[in-house]
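Okay, structure first, notes after.
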Number of protein chains: 4
Amino acid sequence: MITVTRLDCMDARALIAGARAKADEIGVPMCIAITDESGNLIAFERMDGGKVTSSTIAIDKSFTASAAKKATHEYGAASQPGAPAYGIASAIHGRLMVVGGGLPVIVGGEVVGGIGVSSGTPAQDTEVAQAGIDGFLANM
Amino acid sequence: MITVTRLDCMDARALIAGARAKADEIGVPMCIAITDESGNLIAFERMDGGKVTSSTIAIDKSFTASAAKKATHEYGAASQPGAPAYGIASAIHGRLMVVGGGLPVIVGGEVVGGIGVSSGTPAQDTEVAQAGIDGFLANM
Amino acid sequence: MITVTRLDCMDARALIAGARAKADEIGVPMCIAITDESGNLIAFERMDGGKVTSSTIAIDKSFTASAAKKATHEYGAASQPGAPAYGIASAIHGRLMVVGGGLPVIVGGEVVGGIGVSSGTPAQDTEVAQAGIDGFLANM
Amino acid sequence: MITVTRLDCMDARALIAGARAKADEIGVPMCIAITDESGNLIAFERMDGGKVTSSTIAIDKSFTASAAKKATHEYGAASQPGAPAYGIASAIHGRLMVVGGGLPVIVGGEVVGGIGVSSGTPAQDTEVAQAGIDGFLANM
């Protein structure tokens with residue numbers, strides 16, 4: 001038998017709060033998704049003005065980061081033409097995201113969940129996701 | 001051009017808060033989804049203990065209630081064997097939900113969004129969804 | 001080699017015009033889809049106020065009626081519990097519609113396309129689809 | 001609550017009319033789709049000779065342009081190998097289109113919908129989509 005540690009719903013809210021604060025600061029309304037260590041959705045918010053297309057993308061970035069235990073931008077590098085993971089972007093019916101904005105949430109060396117952000121540039125999405133993690137870890 | 005009014009993200013939080021309070025009261029952790037008047041997701045929470053399967057079901061109940069402007073349990077009655085809408089449950093790749101727990105959110109006679117709840121019995125899900133709406137309307 | 005006769009785009013407009021007139025008459029804004037004899041979409045309109053969920057449903061009703069050469073309400077009867085086609089509603093990833101509102105368009109004894117209507121009751125949807133066909137045939 | 005302005009069905013017809021005129025002029029029968037600001041289909045026409053594959057592509061180009069508020073060819077540039085959004089093309093089950101031919105429809109600085117065109121080269125598709133917008137704006 002295995003015991004796993006994962007984010008709970010209040011943790012998810014804290015992650016979203018940190019991400020929203022950064023999104024407000026940079027002036028880009030975002031879609032923000034939080035998943036548990038199994039990749040399943042815990043919480044989601046589309047800020048007013050966030051893109052409809054980004055709802056699914058944020059959820060899938062968080063799914064990828066938590067369930068594959070890897071930041072989505074790392075998959076971006078690994079899946080370029082000629083690179084070992086080339087073509088992985090269309091895996092799992094297109095749910096495996098290789099665009100930046102998805103980060104695993106790591107506590108005590110273990111992946112306990114993920115955060116996915118979408119509506120800005122991939123760099124902005126990643127910055128906002130990281131701010132969510134930073135805020136969460138600072139207040140644990 | 002058409003002008004439409006829809007829920008914003010803070011409205012979505014108020015709907016979730018009302019639903020959570022009722023879910024706590026009856027002791028059933030729920031998945032709760034809020035969509036805008038076009039059926040697109042605004043916010044979602046899976047309470048600790050809410051069912052993983054219910055994430056998609058709650059989202060699709062809310063999608064159905066808002067975009068079809070009808071409570072999902074009404075589709076349940078209309079789609080029984082021999083009834084006019086029999087078979088509608090598998091429409092839209094199975095996203096059209098006919099199980100209770102999805103309600104349109106109506107303000108000033110217009111559907112401005114929807115709420116979908118899942119993890120309990122359909123009666124419990126509907127009760128919790130209605131509590132979300134009641135709480136939201138009471139504090140508008 | 002086979003030669004087929006099918007609706008063209010102007011025929012599709014005529015079918016939509018006849019359906020819209022009836023929809024206006026009964027006061028139910030509808031989604032209206034026209035497909036060719038192969039089931040592929042030629043034209044579609046969502047009248048102002050038509051349901052978002054009904055876009056896919058109208059297209060799939062027309063797909064079913066034209067490609068299966070059978071009115072969707074006939075599938076409704078044939079797919080009741082205990083009837084020979086029970087369960088067919090979930091075929092083709094849920095695209096095979098068994099709810100009334102999809103009719104084949106027949107010219108000279110041949111199915112040349114289909115019309116699918118959704119947003120009202122199945123009886124209203126079927127009435128509006130038939131009005132589309134009647135208007136089209138009267139002006140050929 | 002949020003108030004949004006979106007295209008209505010007559011606006012959609014005007015957009016299609018402008019696009020058809022250009023398609024006729026360049027001699028390429030097109031599939032033309034119009035969506036509202038949430039990405040949901042309002043109207044569609046496959047001109048006689050338009051490609052069957054292009055029906056879905058036109059709808060998804062319009063969905064992308066309206067719901068992501070960005071021209072699809074911009075995603076094409078941003079998603080080249082080595083570029084930040086590389087891999088985005090397979091997102092949303094492949095619905096996010098990065099091939100030219102999808103444009104947001106902007107009125108008063110707000111995205112009120114989108115137009116998607118397919119059957120020609122991406123350059124032709126974009127030209128026809130732009131002609132639809134130009135015709136619509138000229139006659140508002």
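Following the order of the structure tokens, chains are lettered A, B, ..., residues in each are numbered from 1, and ligands are numbered from 1.
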
* Residues of chain B within 8 Å of chain A, using only C-alpha atoms, as a PyMOL selection string? -> chain B and resi 8-9+40-48+52+55

* Contacts of Gly76 in chain C within 12 Å, only C-alpha atoms, excl. fewer than 5 positions in-chain, as JSON, numbers by chain -> {"B": [79, 80, 81, 82, 83, 84, 85, 86, 87, 88], "C": [61, 64, 70, 71, 81, 83, 84, 85, 86, 87, 88, 89, 96, 97, 98, 99, 100, 101, 102, 122]}

Could you take the residues named above and write them with N, CA and C atoms, as an mmCIF file, in the first residue's frame?
```cif
data_model
loop_
_atom_site.group_PDB
_atom_site.id
_atom_site.type_symbol
_atom_site.label_atom_id
_atom_site.label_comp_id
_atom_site.auth_asym_id
_atom_site.auth_seq_id
_atom_site.Cartn_x
_atom_site.Cartn_y
_atom_site.Cartn_z
ATOM 1 N N SER B 79 -36.358 12.943 -20.718
ATOM 2 C CA SER B 79 -35.606 11.966 -21.518
ATOM 3 C C SER B 79 -35.812 10.531 -21.056
ATOM 4 N N GLN B 80 -36.826 10.293 -20.207
ATOM 5 C CA GLN B 80 -37.147 8.920 -19.816
ATOM 6 C C GLN B 80 -37.599 8.118 -21.042
ATOM 7 N N PRO B 81 -37.481 6.805 -20.977
ATOM 8 C CA PRO B 81 -37.997 5.989 -22.090
ATOM 9 C C PRO B 81 -39.442 6.356 -22.410
ATOM 10 N N GLY B 82 -39.699 6.591 -23.673
ATOM 11 C CA GLY B 82 -41.037 6.967 -24.106
ATOM 12 C C GLY B 82 -41.292 8.459 -24.097
ATOM 13 N N ALA B 83 -40.461 9.226 -23.411
ATOM 14 C CA ALA B 83 -40.640 10.678 -23.372
ATOM 15 C C ALA B 83 -39.957 11.320 -24.585
ATOM 16 N N PRO B 84 -40.340 12.568 -24.904
ATOM 17 C CA PRO B 84 -39.912 13.188 -26.174
ATOM 18 C C PRO B 84 -38.396 13.309 -26.360
ATOM 19 N N ALA B 85 -37.666 13.572 -25.265
ATOM 20 C CA ALA B 85 -36.224 13.797 -25.416
ATOM 21 C C ALA B 85 -35.411 12.544 -25.076
ATOM 22 N N TYR B 86 -36.054 11.390 -25.117
ATOM 23 C CA TYR B 86 -35.325 10.147 -24.864
ATOM 24 C C TYR B 86 -34.082 10.059 -25.758
ATOM 25 N N GLY B 87 -32.950 9.782 -25.136
ATOM 26 C CA GLY B 87 -31.710 9.618 -25.892
ATOM 27 C C GLY B 87 -30.832 10.860 -25.889
ATOM 28 N N ILE B 88 -31.341 11.971 -25.360
ATOM 29 C CA ILE B 88 -30.581 13.231 -25.405
ATOM 30 C C ILE B 88 -29.332 13.156 -24.510
ATOM 31 N N LYS C 61 -28.274 16.142 -35.563
ATOM 32 C CA LYS C 61 -29.582 15.676 -36.054
ATOM 33 C C LYS C 61 -29.590 15.654 -37.581
ATOM 34 N N THR C 64 -27.404 12.826 -38.826
ATOM 35 C CA THR C 64 -28.068 11.529 -38.688
ATOM 36 C C THR C 64 -29.132 11.343 -39.769
ATOM 37 N N LYS C 70 -32.934 8.688 -42.453
ATOM 38 C CA LYS C 70 -34.062 8.371 -41.577
ATOM 39 C C LYS C 70 -34.289 9.567 -40.643
ATOM 40 N N ALA C 71 -35.559 9.874 -40.408
ATOM 41 C CA ALA C 71 -35.880 10.953 -39.457
ATOM 42 C C ALA C 71 -35.402 10.549 -38.060
ATOM 43 N N PRO C 81 -36.169 1.107 -24.829
ATOM 44 C CA PRO C 81 -35.804 -0.152 -24.159
ATOM 45 C C PRO C 81 -36.622 -1.319 -24.715
ATOM 46 N N ALA C 83 -36.614 -2.375 -27.742
ATOM 47 C CA ALA C 83 -36.750 -2.279 -29.195
ATOM 48 C C ALA C 83 -35.414 -2.631 -29.870
ATOM 49 N N PRO C 84 -35.480 -2.944 -31.159
ATOM 50 C CA PRO C 84 -34.284 -3.506 -31.833
ATOM 51 C C PRO C 84 -33.056 -2.602 -31.808
ATOM 52 N N ALA C 85 -33.256 -1.283 -31.875
ATOM 53 C CA ALA C 85 -32.091 -0.381 -31.965
ATOM 54 C C ALA C 85 -31.738 0.223 -30.611
ATOM 55 N N TYR C 86 -32.186 -0.425 -29.553
ATOM 56 C CA TYR C 86 -31.875 0.087 -28.202
ATOM 57 C C TYR C 86 -30.374 0.316 -28.032
ATOM 58 N N GLY C 87 -30.000 1.501 -27.593
ATOM 59 C CA GLY C 87 -28.590 1.805 -27.339
ATOM 60 C C GLY C 87 -27.914 2.559 -28.467
ATOM 61 N N ILE C 88 -28.609 2.705 -29.599
ATOM 62 C CA ILE C 88 -27.989 3.331 -30.769
ATOM 63 C C ILE C 88 -27.672 4.817 -30.517
ATOM 64 N N ALA C 89 -28.335 5.421 -29.502
ATOM 65 C CA ALA C 89 -28.180 6.859 -29.251
ATOM 66 C C ALA C 89 -26.746 7.258 -28.927
ATOM 67 N N LEU C 96 -25.097 10.067 -33.257
ATOM 68 C CA LEU C 96 -26.345 9.568 -33.815
ATOM 69 C C LEU C 96 -27.507 10.019 -32.931
ATOM 70 N N MET C 97 -28.298 10.902 -33.436
ATOM 71 C CA MET C 97 -29.364 11.509 -32.628
ATOM 72 C C MET C 97 -30.678 10.753 -32.812
ATOM 73 N N VAL C 98 -31.334 10.479 -31.698
ATOM 74 C CA VAL C 98 -32.620 9.772 -31.738
ATOM 75 C C VAL C 98 -33.767 10.665 -31.264
ATOM 76 N N VAL C 99 -33.468 11.937 -31.048
ATOM 77 C CA VAL C 99 -34.476 12.896 -30.614
ATOM 78 C C VAL C 99 -35.014 13.623 -31.852
ATOM 79 N N GLY C 100 -36.309 13.835 -31.893
ATOM 80 C CA GLY C 100 -36.942 14.477 -33.039
ATOM 81 C C GLY C 100 -36.356 15.830 -33.375
ATOM 82 N N GLY C 101 -36.370 16.173 -34.672
ATOM 83 C CA GLY C 101 -35.861 17.456 -35.130
ATOM 84 C C GLY C 101 -34.909 17.310 -36.304
ATOM 85 N N GLY C 102 -34.618 16.086 -36.672
ATOM 86 C CA GLY C 102 -33.768 15.831 -37.838
ATOM 87 C C GLY C 102 -34.565 15.103 -38.909
ATOM 88 N N PRO C 122 -38.817 18.627 -28.882
ATOM 89 C CA PRO C 122 -38.622 17.825 -30.095
ATOM 90 C C PRO C 122 -39.760 17.992 -31.099
#
```

* To do: Give me every alpha helix (DSSP H) residue in range 11-125 of chain D, going by DSSP on the backbone, as an NGL selection string.
  => :D and (11-26 or 53-67 or 72-78 or 122-125)

* To do: Would you mind telling me which residue in C:Ile133, C:Ile115, C:Met30, C:Val128 lies nearest to Ala67 in chain C when using only C-alpha atoms?
  => C:Ile115

* To do: Work out how far apart CA of Ser62 in chain D and CA of Gly114 in chain D are and give it in Å to one decimal.
  =>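 Separation of CA of Ser62 in chain D and CA of Gly114 in chain D: 5.0 Å.
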
* **Lys22 in chain B surroundings by only C-alpha atoms, 9 Å radius, close-in-sequence under 5 positions cut, as a PyMOL selection string** => chain B and resi 17+27-28+127-129+131-132

* Any idea what the distance is between CA of Ser54 in chain A and CA of Ala77 in chain A? -> 21.3 Å

* Asked: Mind checking DSSP for range 41-119 of chain A and telling me the strand (DSSP E) residues as a count of residues only?
  -> 21

Excluding same-chain residues fewer than 4 positions from Ala91 in chain B, what lies within 7 Å of it counting only C-alpha atoms, as a PDB file with C-alpha atoms, in the first residue's frame?
```pdb
ATOM      1  CA  ARG B  95     -21.697  16.464 -22.142  1.00  0.00           C
ATOM      2  CA  LEU B  96     -25.457  17.082 -22.052  1.00  0.00           C
TER       3      LEU B  96
ATOM      4  CA  ILE C  57     -27.359  18.893 -31.500  1.00  0.00           C
ATOM      5  CA  GLY C  94     -22.964  10.287 -29.417  1.00  0.00           C
ATOM      6  CA  ARG C  95     -23.496  11.896 -32.814  1.00  0.00           C
TER       7      ARG C  95
END
```

* To do: To one decimal in Å, tell me the separation between CA of Ser119 in chain A and CA of Lys51 in chain A.
  =>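 Separation of CA of Ser119 in chain A and CA of Lys51 in chain A: 5.7 Å.
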
If we count only C-alpha atoms, what is near Pro104 in chain B at a cut-off of 6 Å, once residues fewer than 5 positions away on the same chain are taken out, given as a compact mmCIF listing (two decimals) with all heavy atoms, in the first residue's frame?
```txt
# COMPACT_ATOMS: atom_id res chain seq x y z
N ALA B 65 -26.89 23.35 -17.86
CA ALA B 65 -27.90 24.22 -17.26
C ALA B 65 -27.80 25.64 -17.80
O ALA B 65 -28.82 26.30 -18.04
CB ALA B 65 -27.76 24.22 -15.74
N SER B 66 -26.57 26.13 -18.00
CA SER B 66 -26.41 27.51 -18.46
C SER B 66 -26.64 27.64 -19.95
O SER B 66 -27.32 28.55 -20.41
CB SER B 66 -25.02 28.05 -18.08
OG SER B 66 -24.00 27.21 -18.56
N LYS B 69 -30.15 26.55 -20.76
CA LYS B 69 -31.12 27.36 -20.01
C LYS B 69 -32.21 26.49 -19.36
O LYS B 69 -33.40 26.83 -19.37
CB LYS B 69 -31.77 28.42 -20.91
CG LYS B 69 -30.75 29.32 -21.61
CD LYS B 69 -31.39 30.32 -22.55
CE LYS B 69 -30.32 31.11 -23.31
NZ LYS B 69 -30.86 32.12 -24.20
N GLY B 113 -25.81 32.45 -16.15
CA GLY B 113 -24.79 31.43 -15.90
C GLY B 113 -25.43 30.18 -15.37
O GLY B 113 -26.65 29.99 -15.49
N GLY B 114 -24.59 29.31 -14.81
CA GLY B 114 -25.11 28.06 -14.27
C GLY B 114 -24.24 27.56 -13.15
O GLY B 114 -23.09 27.99 -12.98
```
